[in-house]
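Source file: coords06.tsv; contents: TSV, N, CA and C atoms.
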chain	number	residue	atom	x	y	z
T	119	MET	N	73.55	99.51	90.85
T	119	MET	CA	74.89	99.33	91.36
T	119	MET	C	75.47	100.70	91.70
T	120	GLU	N	76.04	100.78	92.87
T	120	GLU	CA	76.68	102.02	93.29
T	120	GLU	C	78.14	102.00	92.86
T	121	ILE	N	78.59	103.12	92.29
T	121	ILE	CA	79.99	103.24	91.87
T	121	ILE	C	80.68	104.26	92.77
T	122	TYR	N	81.72	103.78	93.44
T	122	TYR	CA	82.51	104.64	94.31
T	122	TYR	C	83.69	105.18	93.51
T	123	GLU	N	83.90	106.48	93.59
T	123	GLU	CA	85.03	107.10	92.92
T	123	GLU	C	86.07	107.43	93.99
T	124	VAL	N	87.28	106.93	93.78
T	124	VAL	CA	88.32	107.04	94.79
T	124	VAL	C	89.57	107.65	94.18
T	125	MET	N	90.18	108.58	94.92
T	125	MET	CA	91.43	109.21	94.50
T	125	MET	C	92.57	108.60	95.31
T	126	LEU	N	93.61	108.16	94.61
T	126	LEU	CA	94.80	107.61	95.27
T	126	LEU	C	96.03	108.40	94.85
T	127	ASP	N	96.99	108.51	95.75
T	127	ASP	CA	98.25	109.14	95.36
T	127	ASP	C	99.04	108.16	94.50
T	128	ASN	N	100.16	108.60	93.97
T	128	ASN	CA	100.93	107.77	93.04
T	128	ASN	C	101.37	106.45	93.64
T	129	LYS	N	101.82	106.47	94.90
T	129	LYS	CA	102.28	105.23	95.54
T	129	LYS	C	101.12	104.26	95.77
T	130	GLN	N	99.99	104.78	96.24
T	130	GLN	CA	98.82	103.93	96.47
T	130	GLN	C	98.33	103.35	95.15
T	131	TYR	N	98.29	104.18	94.13
T	131	TYR	CA	97.82	103.74	92.81
T	131	TYR	C	98.72	102.63	92.27
T	132	ALA	N	100.03	102.81	92.36
T	132	ALA	CA	100.99	101.80	91.89
T	132	ALA	C	100.84	100.50	92.68
T	133	LEU	N	100.65	100.63	93.99
T	133	LEU	CA	100.47	99.44	94.82
T	133	LEU	C	99.20	98.70	94.42
T	134	LEU	N	98.10	99.43	94.26
T	134	LEU	CA	96.85	98.79	93.86
T	134	LEU	C	97.01	98.12	92.50
T	135	LYS	N	97.64	98.80	91.58
T	135	LYS	CA	97.85	98.23	90.24
T	135	LYS	C	98.62	96.91	90.34
T	136	SER	N	99.61	96.85	91.23
T	136	SER	CA	100.39	95.62	91.37
T	136	SER	C	99.59	94.50	92.03
T	137	MET	N	98.53	94.85	92.74
T	137	MET	CA	97.71	93.86	93.44
T	137	MET	C	96.62	93.26	92.56
T	138	LEU	N	96.26	93.96	91.50
T	138	LEU	CA	95.16	93.51	90.65
T	138	LEU	C	95.60	92.42	89.68
T	139	ILE	N	94.67	91.57	89.35
T	139	ILE	CA	94.92	90.42	88.48
T	139	ILE	C	94.43	90.72	87.07
T	140	GLY	N	95.23	90.36	86.08
T	140	GLY	CA	94.84	90.36	84.68
T	140	GLY	C	94.22	91.63	84.15
T	141	ASP	N	93.03	91.48	83.57
T	141	ASP	CA	92.35	92.58	82.89
T	141	ASP	C	92.00	93.73	83.82
T	142	ARG	N	91.92	93.48	85.11
T	142	ARG	CA	91.55	94.55	86.04
T	142	ARG	C	92.62	95.64	86.09
T	143	LYS	N	93.87	95.29	85.80
T	143	LYS	CA	94.92	96.31	85.71
T	143	LYS	C	94.59	97.28	84.59
T	144	GLY	N	94.17	96.75	83.46
T	144	GLY	CA	93.78	97.59	82.33
T	144	GLY	C	92.55	98.42	82.65
T	145	ASP	N	91.60	97.82	83.36
T	145	ASP	CA	90.40	98.57	83.76
T	145	ASP	C	90.78	99.74	84.66
T	146	LEU	N	91.73	99.50	85.56
T	146	LEU	CA	92.20	100.56	86.45
T	146	LEU	C	92.78	101.71	85.63
T	147	ILE	N	93.66	101.39	84.71
T	147	ILE	CA	94.31	102.41	83.88
T	147	ILE	C	93.30	103.17	83.04
T	148	ARG	N	92.30	102.46	82.49
T	148	ARG	CA	91.30	103.10	81.63
T	148	ARG	C	90.14	103.71	82.43
T	149	LYS	N	90.25	103.63	83.75
T	149	LYS	CA	89.22	104.18	84.66
T	149	LYS	C	87.86	103.54	84.45
T	150	ILE	N	87.88	102.24	84.12
T	150	ILE	CA	86.65	101.46	84.01
T	150	ILE	C	86.31	100.94	85.40
T	151	PRO	N	85.07	101.06	85.84
T	151	PRO	CA	84.73	100.57	87.19
T	151	PRO	C	85.09	99.09	87.38
T	152	ILE	N	85.65	98.80	88.53
T	152	ILE	CA	86.04	97.44	88.89
T	152	ILE	C	85.08	96.95	89.97
T	153	SER	N	84.53	95.77	89.77
T	153	SER	CA	83.61	95.18	90.74
T	153	SER	C	84.24	95.18	92.14
T	154	GLY	N	83.47	95.55	93.14
T	154	GLY	CA	83.95	95.53	94.52
T	154	GLY	C	84.40	94.14	94.93
T	155	ASN	N	83.63	93.12	94.55
T	155	ASN	CA	84.02	91.74	94.88
T	155	ASN	C	85.39	91.41	94.28
T	156	ASP	N	85.59	91.73	93.01
T	156	ASP	CA	86.85	91.44	92.35
T	156	ASP	C	88.00	92.22	92.98
T	157	LEU	N	87.77	93.49	93.24
T	157	LEU	CA	88.80	94.35	93.81
T	157	LEU	C	89.29	93.80	95.15
T	158	PHE	N	88.36	93.52	96.06
T	158	PHE	CA	88.76	93.07	97.39
T	158	PHE	C	89.33	91.66	97.37
T	159	CYS	N	88.82	90.80	96.51
T	159	CYS	CA	89.40	89.45	96.40
T	159	CYS	C	90.84	89.53	95.91
T	160	ASP	N	91.10	90.37	94.90
T	160	ASP	CA	92.46	90.54	94.40
T	160	ASP	C	93.38	91.07	95.49
T	161	MET	N	92.93	92.08	96.21
T	161	MET	CA	93.76	92.69	97.24
T	161	MET	C	94.08	91.69	98.35
T	162	ILE	N	93.07	90.99	98.82
T	162	ILE	CA	93.27	90.02	99.89
T	162	ILE	C	94.16	88.88	99.42
T	163	HIS	N	93.94	88.41	98.20
T	163	HIS	CA	94.77	87.34	97.66
T	163	HIS	C	96.23	87.77	97.60
T	164	GLU	N	96.48	88.99	97.14
T	164	GLU	CA	97.85	89.48	97.02
T	164	GLU	C	98.52	89.56	98.40
T	165	ILE	N	97.80	90.01	99.39
T	165	ILE	CA	98.35	90.10	100.74
T	165	ILE	C	98.62	88.71	101.31
T	166	TYR	N	97.70	87.79	101.09
T	166	TYR	CA	97.75	86.47	101.71
T	166	TYR	C	98.55	85.44	100.90
T	167	SER	N	98.88	85.73	99.66
T	167	SER	CA	99.53	84.73	98.80
T	167	SER	C	100.85	84.18	99.35
T	168	PRO	N	101.68	84.95	100.07
T	168	PRO	CA	102.89	84.34	100.65
T	168	PRO	C	102.57	83.19	101.61
T	169	VAL	N	101.43	83.29	102.29
T	169	VAL	CA	101.02	82.21	103.19
T	169	VAL	C	100.55	81.01	102.37
T	170	ILE	N	99.75	81.27	101.33
T	170	ILE	CA	99.25	80.20	100.46
T	170	ILE	C	100.43	79.45	99.83
T	171	ASP	N	101.45	80.21	99.42
T	171	ASP	CA	102.61	79.62	98.75
T	171	ASP	C	103.60	78.97	99.72
T	172	GLY	N	103.36	79.12	101.01
T	172	GLY	CA	104.23	78.52	102.02
T	172	GLY	C	105.48	79.32	102.34
T	173	TRP	N	105.53	80.56	101.90
T	173	TRP	CA	106.70	81.41	102.15
T	173	TRP	C	106.65	82.12	103.49
T	174	SER	N	105.45	82.24	104.06
T	174	SER	CA	105.31	83.04	105.27
T	174	SER	C	104.15	82.52	106.10
T	175	THR	N	103.95	83.17	107.23
T	175	THR	CA	102.81	82.86	108.09
T	175	THR	C	101.87	84.05	108.08
T	176	LEU	N	100.65	83.82	108.50
T	176	LEU	CA	99.68	84.91	108.57
T	176	LEU	C	100.19	86.02	109.48
T	177	GLU	N	100.75	85.64	110.60
T	177	GLU	CA	101.28	86.63	111.55
T	177	GLU	C	102.33	87.52	110.89
T	178	ASN	N	103.27	86.92	110.15
T	178	ASN	CA	104.31	87.70	109.48
T	178	ASN	C	103.75	88.57	108.37
T	179	VAL	N	102.82	88.02	107.61
T	179	VAL	CA	102.21	88.79	106.52
T	179	VAL	C	101.52	90.03	107.07
T	180	LEU	N	100.82	89.88	108.17
T	180	LEU	CA	100.13	91.03	108.75
T	180	LEU	C	101.11	92.08	109.29
T	181	LYS	N	102.28	91.64	109.73
T	181	LYS	CA	103.31	92.57	110.20
T	181	LYS	C	104.04	93.26	109.05
T	182	GLU	N	104.26	92.52	107.97
T	182	GLU	CA	105.12	93.00	106.89
T	182	GLU	C	104.36	93.69	105.74
T	183	SER	N	103.07	93.73	105.81
T	183	SER	CA	102.27	94.28	104.70
T	183	SER	C	101.58	95.58	105.08
T	184	ALA	N	102.28	96.43	105.77
T	184	ALA	CA	101.68	97.66	106.29
T	184	ALA	C	101.04	98.52	105.20
T	185	ASN	N	101.74	98.75	104.11
T	185	ASN	CA	101.20	99.60	103.04
T	185	ASN	C	99.98	98.96	102.37
T	186	ALA	N	100.06	97.67	102.11
T	186	ALA	CA	98.93	96.97	101.49
T	186	ALA	C	97.73	96.94	102.43
T	187	LEU	N	97.97	96.73	103.71
T	187	LEU	CA	96.87	96.72	104.68
T	187	LEU	C	96.26	98.11	104.83
T	188	TYR	N	97.09	99.14	104.81
T	188	TYR	CA	96.58	100.51	104.87
T	188	TYR	C	95.66	100.77	103.67
T	189	LEU	N	96.12	100.36	102.49
T	189	LEU	CA	95.31	100.56	101.28
T	189	LEU	C	94.02	99.75	101.35
T	190	LEU	N	94.10	98.52	101.82
T	190	LEU	CA	92.90	97.70	101.97
T	190	LEU	C	91.91	98.37	102.92
T	191	ARG	N	92.41	98.90	104.02
T	191	ARG	CA	91.53	99.60	104.98
T	191	ARG	C	90.92	100.86	104.36
T	192	PHE	N	91.74	101.60	103.62
T	192	PHE	CA	91.27	102.81	102.96
T	192	PHE	C	90.14	102.50	101.98
T	193	MET	N	90.32	101.47	101.17
T	193	MET	CA	89.29	101.10	100.21
T	193	MET	C	88.05	100.55	100.91
T	194	THR	N	88.26	99.79	101.96
T	194	THR	CA	87.13	99.23	102.73
T	194	THR	C	86.30	100.34	103.34
T	195	LYS	N	86.97	101.37	103.80
T	195	LYS	CA	86.28	102.49	104.46
T	195	LYS	C	85.31	103.20	103.52
T	196	GLN	N	85.52	103.06	102.23
T	196	GLN	CA	84.60	103.69	101.27
T	196	GLN	C	83.20	103.08	101.38
T	197	ILE	N	83.13	101.78	101.65
T	197	ILE	CA	81.82	101.13	101.71
T	197	ILE	C	81.39	100.76	103.13
T	198	PHE	N	82.36	100.66	104.02
T	198	PHE	CA	82.07	100.38	105.44
T	198	PHE	C	82.76	101.46	106.29
T	199	PRO	N	82.21	102.67	106.31
T	199	PRO	CA	82.88	103.77	107.01
T	199	PRO	C	83.15	103.50	108.50
T	200	GLU	N	82.32	102.70	109.13
T	200	GLU	CA	82.51	102.42	110.55
T	200	GLU	C	83.34	101.17	110.81
T	201	ASP	N	83.76	100.46	109.79
T	201	ASP	CA	84.48	99.21	109.99
T	201	ASP	C	85.55	99.00	108.92
T	202	GLU	N	86.62	99.78	109.02
T	202	GLU	CA	87.69	99.69	108.02
T	202	GLU	C	88.44	98.36	108.07
T	203	ASN	N	88.27	97.59	109.12
T	203	ASN	CA	88.94	96.29	109.24
T	203	ASN	C	88.07	95.13	108.76
T	204	TYR	N	86.95	95.43	108.13
T	204	TYR	CA	86.03	94.39	107.68
T	204	TYR	C	86.76	93.32	106.86
T	205	PHE	N	87.56	93.74	105.88
T	205	PHE	CA	88.26	92.78	105.03
T	205	PHE	C	89.56	92.30	105.64
T	206	VAL	N	90.19	93.11	106.48
T	206	VAL	CA	91.42	92.65	107.15
T	206	VAL	C	91.11	91.41	107.98
T	207	ARG	N	89.95	91.39	108.61
T	207	ARG	CA	89.55	90.22	109.40
T	207	ARG	C	89.30	88.99	108.53
T	208	GLN	N	89.08	89.19	107.23
T	208	GLN	CA	88.82	88.07	106.33
T	208	GLN	C	90.11	87.39	105.87
T	209	ILE	N	91.24	88.07	106.03
T	209	ILE	CA	92.51	87.50	105.57
T	209	ILE	C	92.78	86.22	106.35
T	210	GLY	N	93.07	85.17	105.61
T	210	GLY	CA	93.35	83.88	106.23
T	210	GLY	C	92.12	82.99	106.29
T	211	LYS	N	90.98	83.56	106.01
T	211	LYS	CA	89.76	82.77	105.95
T	211	LYS	C	89.51	82.42	104.49
T	212	LYS	N	88.38	81.92	104.17
T	212	LYS	CA	88.09	81.54	102.78
T	212	LYS	C	87.91	82.80	101.93
T	213	TRP	N	89.04	83.43	101.60
T	213	TRP	CA	89.02	84.70	100.87
T	213	TRP	C	88.31	84.60	99.53
T	214	ALA	N	88.34	83.45	98.90
T	214	ALA	CA	87.71	83.31	97.58
T	214	ALA	C	86.19	83.41	97.67
T	215	ASN	N	85.64	83.23	98.86
T	215	ASN	CA	84.19	83.27	99.04
T	215	ASN	C	83.69	84.63	99.51
T	216	ILE	N	84.54	85.63	99.53
T	216	ILE	CA	84.12	86.95	99.99
T	216	ILE	C	83.12	87.53	98.99
T	217	ARG	N	82.01	87.96	99.50
T	217	ARG	CA	80.99	88.62	98.69
T	217	ARG	C	80.44	89.80	99.46
T	218	LEU	N	80.34	90.91	98.77
T	218	LEU	CA	79.74	92.10	99.39
T	218	LEU	C	78.23	91.95	99.39
T	219	GLU	N	77.62	92.49	100.43
T	219	GLU	CA	76.17	92.41	100.52
T	219	GLU	C	75.49	93.26	99.45
T	220	LYS	N	76.15	94.34	99.06
T	220	LYS	CA	75.56	95.19	98.03
T	220	LYS	C	76.46	95.19	96.80
T	221	ASP	N	75.85	95.34	95.65
T	221	ASP	CA	76.56	95.34	94.39
T	221	ASP	C	77.18	96.72	94.19
T	222	CYS	N	78.50	96.75	94.12
T	222	CYS	CA	79.17	98.04	93.94
T	222	CYS	C	80.41	97.86	93.08
T	223	ALA	N	80.93	98.97	92.62
T	223	ALA	CA	82.14	98.98	91.81
T	223	ALA	C	82.95	100.22	92.20
T	224	PHE	N	84.22	100.19	91.83
T	224	PHE	CA	85.12	101.30	92.14
T	224	PHE	C	85.74	101.83	90.86
T	225	ARG	N	85.69	103.14	90.70
T	225	ARG	CA	86.42	103.82	89.63
T	225	ARG	C	87.52	104.58	90.36
T	226	ILE	N	88.75	104.27	89.99
T	226	ILE	CA	89.89	104.78	90.76
T	226	ILE	C	90.71	105.73	89.90
T	227	TYR	N	91.04	106.86	90.50
T	227	TYR	CA	91.82	107.90	89.84
T	227	TYR	C	93.14	108.10	90.57
T	228	LYS	N	94.14	108.49	89.81
T	228	LYS	CA	95.42	108.84	90.39
T	228	LYS	C	95.47	110.35	90.52
T	229	VAL	N	95.82	110.81	91.71
T	229	VAL	CA	95.93	112.24	91.95
T	229	VAL	C	97.12	112.77	91.15
T	230	LYS	N	96.90	113.83	90.44
T	230	LYS	CA	97.98	114.44	89.69
T	230	LYS	C	98.72	115.39	90.64
T	231	GLU	N	99.97	115.05	90.87
T	231	GLU	CA	100.77	115.87	91.78
T	231	GLU	C	101.51	116.93	91.00
T	232	GLU	N	101.65	118.07	91.62
T	232	GLU	CA	102.36	119.19	90.99
T	232	GLU	C	103.85	118.85	90.90
T	233	GLY	N	104.43	119.13	89.77
T	233	GLY	CA	105.86	118.90	89.59
T	233	GLY	C	106.68	120.00	90.21
T	234	ILE	N	107.91	119.72	90.51
T	234	ILE	CA	108.83	120.73	91.07
T	234	ILE	C	109.39	121.54	89.93
T	235	LYS	N	109.36	122.85	90.11
T	235	LYS	CA	109.83	123.74	89.05
T	235	LYS	C	111.16	124.35	89.42

Whole structure given in structure tokens:
Amino acid sequence: MEIYEVMLDNKQYALLKSMLIGDRKGDLIRKIPISGNDLFCDMIHEIYSPVIDGWSTLENVLKESANALYLLRFMTKQIFPEDENYFVRQIGKKWANIRLEKDCAFRIYKVKEEGIK
């Protein structure tokens, strides 16, 4: 299994943390590798859930989720450098059946920003 190590700024890290389900939030904080399948399913579900719940349409979700889509593309680019939209195209399809062709996991770090003195 390949483990990708990814650095996120504070806003990206907080956004990803809010997108993860259950124990994966704890794994993120403890820097335990998170399965690629689980990571992308959680992210896609979080983006698409307003449509599932009947609050929005796919078109509106894609317009209103700029930060989440940027993060999804950034994470996708780690494993598909030539196709950052690989998972964006999956939104609205059977997201629960998404499976990566290769077994991978992500260990995610928060960039420590210098404080103002």

Task: Residue nearest T:Ile226 among T:Lys135, T:Glu120, T:Ile150, T:Gly140 (counting all atoms listed in the file) - done: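 That would be T:Ile150, the residue with the smallest distance to T:Ile226.
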
What's around T:Met137 at 6.5 Å? Count all atoms listed in the file, leave out sequence neighbours fewer than 3 positions away in its own chain, and write the answer as a PDB file with N, CA and C atoms, keeping the file's coordinate frame.
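Once written, around_7.pdb looks like this:
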ATOM      1  N   ALA T 132     100.030 102.810  92.360  1.00  0.00           N
ATOM      2  CA  ALA T 132     100.990 101.800  91.890  1.00  0.00           C
ATOM      3  C   ALA T 132     100.840 100.500  92.680  1.00  0.00           C
ATOM      4  N   LEU T 133     100.650 100.630  93.990  1.00  0.00           N
ATOM      5  CA  LEU T 133     100.470  99.440  94.820  1.00  0.00           C
ATOM      6  C   LEU T 133      99.200  98.700  94.420  1.00  0.00           C
ATOM      7  N   LEU T 134      98.100  99.430  94.260  1.00  0.00           N
ATOM      8  CA  LEU T 134      96.850  98.790  93.860  1.00  0.00           C
ATOM      9  C   LEU T 134      97.010  98.120  92.500  1.00  0.00           C
ATOM     10  N   ASP T 160      91.100  90.370  94.900  1.00  0.00           N
ATOM     11  CA  ASP T 160      92.460  90.540  94.400  1.00  0.00           C
ATOM     12  C   ASP T 160      93.380  91.070  95.490  1.00  0.00           C
ATOM     13  N   MET T 161      92.930  92.080  96.210  1.00  0.00           N
ATOM     14  CA  MET T 161      93.760  92.690  97.240  1.00  0.00           C
ATOM     15  C   MET T 161      94.080  91.690  98.350  1.00  0.00           C
ATOM     16  N   GLU T 164      96.480  88.990  97.140  1.00  0.00           N
ATOM     17  CA  GLU T 164      97.850  89.480  97.020  1.00  0.00           C
ATOM     18  C   GLU T 164      98.520  89.560  98.400  1.00  0.00           C
TER      19      GLU T 164
END

Task: Atom pair atom CA of T:Met125 / atom CA of T:Val229: separation (Å) - done: 6.0 Å

TODO: List every residue of chain T that DSSP, applied to the backbone of this structure, assigns to alpha helix (DSSP H), and report them as a PyMOL selection string.
DONE: chain T and resi 128-137+141-147+154-170+176-182+184-197

- [ ] Record the distance separating atom CA of T:Trp173 and atom CA of T:Arg142, expressed in Å with one decimal.
- [x]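 Answer for the atom CA of T:Trp173 to atom CA of T:Arg142 separation: 25.7 Å.
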
Residues within 8 Å of T:Phe224, please, as a PDB file with N, CA and C atoms, in the coordinates of the input. Count all atoms listed in the file; anything in the same chain fewer than 6 positions from it doesn't count.
ATOM      1  N   GLU T 120      76.040 100.780  92.870  1.00  0.00           N
ATOM      2  CA  GLU T 120      76.680 102.020  93.290  1.00  0.00           C
ATOM      3  C   GLU T 120      78.140 102.000  92.860  1.00  0.00           C
ATOM      4  N   ILE T 121      78.590 103.120  92.290  1.00  0.00           N
ATOM      5  CA  ILE T 121      79.990 103.240  91.870  1.00  0.00           C
ATOM      6  C   ILE T 121      80.680 104.260  92.770  1.00  0.00           C
ATOM      7  N   TYR T 122      81.720 103.780  93.440  1.00  0.00           N
ATOM      8  CA  TYR T 122      82.510 104.640  94.310  1.00  0.00           C
ATOM      9  C   TYR T 122      83.690 105.180  93.510  1.00  0.00           C
ATOM     10  N   GLU T 123      83.900 106.480  93.590  1.00  0.00           N
ATOM     11  CA  GLU T 123      85.030 107.100  92.920  1.00  0.00           C
ATOM     12  C   GLU T 123      86.070 107.430  93.990  1.00  0.00           C
ATOM     13  N   VAL T 124      87.280 106.930  93.780  1.00  0.00           N
ATOM     14  CA  VAL T 124      88.320 107.040  94.790  1.00  0.00           C
ATOM     15  C   VAL T 124      89.570 107.650  94.180  1.00  0.00           C
ATOM     16  N   LEU T 146      91.730  99.500  85.560  1.00  0.00           N
ATOM     17  CA  LEU T 146      92.200 100.560  86.450  1.00  0.00           C
ATOM     18  C   LEU T 146      92.780 101.710  85.630  1.00  0.00           C
ATOM     19  N   LYS T 149      90.250 103.630  83.750  1.00  0.00           N
ATOM     20  CA  LYS T 149      89.220 104.180  84.660  1.00  0.00           C
ATOM     21  C   LYS T 149      87.860 103.540  84.450  1.00  0.00           C
ATOM     22  N   ILE T 150      87.880 102.240  84.120  1.00  0.00           N
ATOM     23  CA  ILE T 150      86.650 101.460  84.010  1.00  0.00           C
ATOM     24  C   ILE T 150      86.310 100.940  85.400  1.00  0.00           C
ATOM     25  N   PRO T 151      85.070 101.060  85.840  1.00  0.00           N
ATOM     26  CA  PRO T 151      84.730 100.570  87.190  1.00  0.00           C
ATOM     27  C   PRO T 151      85.090  99.090  87.380  1.00  0.00           C
ATOM     28  N   ILE T 152      85.650  98.800  88.530  1.00  0.00           N
ATOM     29  CA  ILE T 152      86.040  97.440  88.890  1.00  0.00           C
ATOM     30  C   ILE T 152      85.080  96.950  89.970  1.00  0.00           C
ATOM     31  N   SER T 153      84.530  95.770  89.770  1.00  0.00           N
ATOM     32  CA  SER T 153      83.610  95.180  90.740  1.00  0.00           C
ATOM     33  C   SER T 153      84.240  95.180  92.140  1.00  0.00           C
ATOM     34  N   GLY T 154      83.470  95.550  93.140  1.00  0.00           N
ATOM     35  CA  GLY T 154      83.950  95.530  94.520  1.00  0.00           C
ATOM     36  C   GLY T 154      84.400  94.140  94.930  1.00  0.00           C
ATOM     37  N   ASN T 155      83.630  93.120  94.550  1.00  0.00           N
ATOM     38  CA  ASN T 155      84.020  91.740  94.880  1.00  0.00           C
ATOM     39  C   ASN T 155      85.390  91.410  94.280  1.00  0.00           C
ATOM     40  N   LEU T 157      87.770  93.490  93.240  1.00  0.00           N
ATOM     41  CA  LEU T 157      88.800  94.350  93.810  1.00  0.00           C
ATOM     42  C   LEU T 157      89.290  93.800  95.150  1.00  0.00           C
TER      43      LEU T 157
END

Task: Polymer residues at most 7 Å from T:Ile209, all atoms listed in the file, same-chain spacing of 4 or more positions, as a ChimeraX atom specification - done: /T:162,166,204-205,213

Task: Polymer residues at most 10 Å from T:Leu180, only C-alpha atoms, same-chain spacing of 3 or more positions, as an MDAnalysis selection string - done: chainID T and resid 165:166 175:177 183:184 186:187 206 209

- [ ] Between atom N of T:Arg191 and atom N of T:Asn203, measure the distance and give it in Å to one decimal.
- [x]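 Computed distance, atom N of T:Arg191 to atom N of T:Asn203, equals 6.7 Å.
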
Task: Among listed residues T:Met119, T:Gln196, T:Asp127, T:Ile170, nearest T:Lys211 (using only C-alpha atoms) - done: T:Ile170

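You can rank T:Asp156, T:Arg207, T:Gln130, T:Lys230 by their closest distance to T:Leu189 using all atoms listed in the file, and at the top of that list sits T:Gln130.
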
Task: Selected residue, from T:Lys195, T:Lys220, T:His163, T:Lys181, that lies nearest to T:Gln208 when counting only C-alpha atoms - done: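 For T:Gln208, the nearest of the given residues is T:His163.
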
Output stretch 180-194 of chain T with N, CA, C and O atoms present, as a tab-separated table (two decimals), keeping the file's coordinate frame.
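selection.tsv written:
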chain	number	residue	atom	x	y	z
T	180	LEU	N	100.82	89.88	108.17
T	180	LEU	CA	100.13	91.03	108.75
T	180	LEU	C	101.11	92.08	109.29
T	180	LEU	O	100.82	93.27	109.29
T	181	LYS	N	102.28	91.64	109.73
T	181	LYS	CA	103.31	92.57	110.20
T	181	LYS	C	104.04	93.26	109.05
T	181	LYS	O	104.41	94.42	109.15
T	182	GLU	N	104.26	92.52	107.97
T	182	GLU	CA	105.12	93.00	106.89
T	182	GLU	C	104.36	93.69	105.74
T	182	GLU	O	104.99	94.18	104.81
T	183	SER	N	103.07	93.73	105.81
T	183	SER	CA	102.27	94.28	104.70
T	183	SER	C	101.58	95.58	105.08
T	183	SER	O	100.44	95.81	104.72
T	184	ALA	N	102.28	96.43	105.77
T	184	ALA	CA	101.68	97.66	106.29
T	184	ALA	C	101.04	98.52	105.20
T	184	ALA	O	99.90	98.97	105.35
T	185	ASN	N	101.74	98.75	104.11
T	185	ASN	CA	101.20	99.60	103.04
T	185	ASN	C	99.98	98.96	102.37
T	185	ASN	O	98.98	99.64	102.11
T	186	ALA	N	100.06	97.67	102.11
T	186	ALA	CA	98.93	96.97	101.49
T	186	ALA	C	97.73	96.94	102.43
T	186	ALA	O	96.59	97.13	101.98
T	187	LEU	N	97.97	96.73	103.71
T	187	LEU	CA	96.87	96.72	104.68
T	187	LEU	C	96.26	98.11	104.83
T	187	LEU	O	95.04	98.25	104.96
T	188	TYR	N	97.09	99.14	104.81
T	188	TYR	CA	96.58	100.51	104.87
T	188	TYR	C	95.66	100.77	103.67
T	188	TYR	O	94.57	101.32	103.82
T	189	LEU	N	96.12	100.36	102.49
T	189	LEU	CA	95.31	100.56	101.28
T	189	LEU	C	94.02	99.75	101.35
T	189	LEU	O	92.95	100.25	100.99
T	190	LEU	N	94.10	98.52	101.82
T	190	LEU	CA	92.90	97.70	101.97
T	190	LEU	C	91.91	98.37	102.92
T	190	LEU	O	90.71	98.44	102.64
T	191	ARG	N	92.41	98.90	104.02
T	191	ARG	CA	91.53	99.60	104.98
T	191	ARG	C	90.92	100.86	104.36
T	191	ARG	O	89.75	101.15	104.55
T	192	PHE	N	91.74	101.60	103.62
T	192	PHE	CA	91.27	102.81	102.96
T	192	PHE	C	90.14	102.50	101.98
T	192	PHE	O	89.10	103.18	101.97
T	193	MET	N	90.32	101.47	101.17
T	193	MET	CA	89.29	101.10	100.21
T	193	MET	C	88.05	100.55	100.91
T	193	MET	O	86.93	100.85	100.52
T	194	THR	N	88.26	99.79	101.96
T	194	THR	CA	87.13	99.23	102.73
T	194	THR	C	86.30	100.34	103.34
T	194	THR	O	85.07	100.27	103.36
